[in-house]
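Heads up: the structure comes next, in structure tokens.
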Amino acid sequence: MIRLYFVTNNKHKVAEAQKILSKYSVELEPIDIKKVELQSESLEDIARYAAIEAYKIIAKPVVVEDSGLFIDALNGFPGPYSSYVYKTLGLKRILKLLEGEENRRARFIAVVALALSCEDVYLFKGVVEGVIAHEIRGGKGFGFDPIFIPIEGDGRTFAEMNSEEKNIISHRGRAFEALGRWISANRDKLIYIL
Ligand code: ITT
């Protein structure tokens, strides 16, 4: 079993990521240090920076994940500001911004960063395409799940799916699958450092 620190305040992220990584014999150890968030349009830059800052504190291999909802009709808003916008505006106000809007295309993107040192950082990206629902639907998941309908699904929002169903197609599921595959291929390297 490989154990990796995971810097996040979001317990939903931990639960979803752990389900994927268990298949690769990886256990995530959530750690309560501040995730330092760079002001940037790029999830890659934010995740990389946060992973390096975390590594500086714990000096052990560490994972962070930065994600967001990008709505085409709003030029990619809220994107990297998703967490803040969810807290300040909430779902109803986002739906209001899209009232009368025919283009409801959106995507969730997640970037996972694994820092093995300050110089040795690996990024894994996952994307899921979807549309913004006309109403709030479902009680599962978190954040923008009740208004996001993945194109690959059957018309349900993420909040109407259980976590296994969501994980198969979600941005986070895909990004952590990529991390899991990388770890499988690089086990020797990791066991040496851990
Ligand atoms: P940490 O930074 O502590 O990891 P966070 O929730 O603040 O937790 P981010 O800064 O990466 O994480 O913000 C991502 C936000 O994007 C998140 O708070 C949700 O509002 C939204 N989001 C990301 N993935 C989502 C998902 O699978 N379902 C619903 N909303 C999601």
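In the structure tokens, chains take the letters A, B, ... in the order shown, each chain's residues start at 1, and ligands count up from 1 in the order shown.
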Find the spatial neighbours of Leu179 in chain A, counting only C-alpha atoms, within a cut-off of 10 Å - ignore same-chain residues fewer than 3 positions away - and output them as a list in words.
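Residues meeting the cut-off are Ile20, Leu21, Tyr24, Val63, Val112, Ala113, Leu114, Tyr122, Leu123, Phe124, Lys125, Gly173, Arg174, Ala175, Phe176, Trp182, Ile183, Ser184 and Ala185 of chain A.
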List all protein, DNA and RNA residues that have at least one atom no more than 6 Å from any atom of ligand 1, counting only C-alpha atoms and all ligand atoms, and write them as a short mmCIF file (atom, residue, chain, number, x, y, z; two decimals) with N, CA, C and O atoms, in the first residue's frame.
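The file below, result31.cif, is the result:
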data_model
loop_
_atom_site.label_atom_id
_atom_site.label_comp_id
_atom_site.auth_asym_id
_atom_site.auth_seq_id
_atom_site.Cartn_x
_atom_site.Cartn_y
_atom_site.Cartn_z
N THR A 8 -6.31 19.12 1.21
CA THR A 8 -7.61 19.64 0.80
C THR A 8 -8.49 19.83 2.03
O THR A 8 -8.32 19.15 3.04
N ASN A 9 -9.43 20.77 1.90
CA ASN A 9 -10.45 20.95 2.94
C ASN A 9 -11.76 20.32 2.53
O ASN A 9 -12.75 20.44 3.24
N ASN A 10 -11.77 19.72 1.34
CA ASN A 10 -13.02 19.27 0.76
C ASN A 10 -13.14 17.74 0.92
O ASN A 10 -12.50 16.98 0.21
N GLU A 65 -5.41 18.85 -5.55
CA GLU A 65 -6.26 18.86 -6.75
C GLU A 65 -6.95 20.21 -6.85
O GLU A 65 -7.47 20.70 -5.85
N ASP A 66 -6.92 20.80 -8.01
CA ASP A 66 -7.66 22.03 -8.22
C ASP A 66 -8.66 21.78 -9.34
O ASP A 66 -8.32 21.16 -10.36
N SER A 67 -9.88 22.25 -9.13
CA SER A 67 -10.91 21.94 -10.11
C SER A 67 -11.86 23.11 -10.26
O SER A 67 -11.83 24.06 -9.47
N GLY A 68 -12.71 23.05 -11.27
CA GLY A 68 -13.68 24.12 -11.45
C GLY A 68 -14.65 23.81 -12.57
O GLY A 68 -14.45 22.89 -13.37
N LEU A 69 -15.72 24.61 -12.59
CA LEU A 69 -16.77 24.50 -13.61
C LEU A 69 -16.60 25.67 -14.59
O LEU A 69 -16.55 26.83 -14.16
N SER A 82 -14.40 28.81 -8.84
CA SER A 82 -15.63 28.05 -8.58
C SER A 82 -15.98 27.94 -7.11
O SER A 82 -17.15 28.09 -6.72
N SER A 83 -14.98 27.68 -6.29
CA SER A 83 -15.26 27.46 -4.87
C SER A 83 -15.85 28.75 -4.26
O SER A 83 -16.88 28.72 -3.58
N TYR A 86 -19.34 29.55 -5.75
CA TYR A 86 -20.37 28.67 -5.17
C TYR A 86 -20.80 29.20 -3.81
O TYR A 86 -21.99 29.26 -3.50
N PHE A 142 -21.82 17.30 -4.36
CA PHE A 142 -21.53 18.58 -3.70
C PHE A 142 -21.43 19.68 -4.76
O PHE A 142 -21.53 19.41 -5.97
N GLY A 143 -21.22 20.89 -4.29
CA GLY A 143 -20.96 22.02 -5.19
C GLY A 143 -21.98 22.14 -6.32
O GLY A 143 -23.20 22.16 -6.08
N PHE A 144 -21.46 22.21 -7.54
CA PHE A 144 -22.32 22.44 -8.70
C PHE A 144 -22.96 21.16 -9.25
O PHE A 144 -23.60 21.21 -10.31
N ASP A 145 -22.80 20.05 -8.56
CA ASP A 145 -23.37 18.78 -9.05
C ASP A 145 -24.86 18.87 -9.41
O ASP A 145 -25.29 18.29 -10.41
#
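In this comparison, which uses only C-alpha atoms, the residue of A:Thr88, A:Asn75, A:Asn162, A:Ser117 approaching Arg104 in chain A most closely is A:Asn75.
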Considering only C-alpha atoms, can you say which of A:Ala51, A:Leu190, A:Ile169, A:Leu98 comes closest to Glu16 in chain A?
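Smallest distance to Glu16 in chain A is found for A:Ile169.
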Figure out the distance between CA of Ile147 in chain A and CA of Leu91 in chain A, please, to one decimal in Å.
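If I compute the distance from CA of Leu91 in chain A to CA of Ile147 in chain A, I get 7.4 Å.
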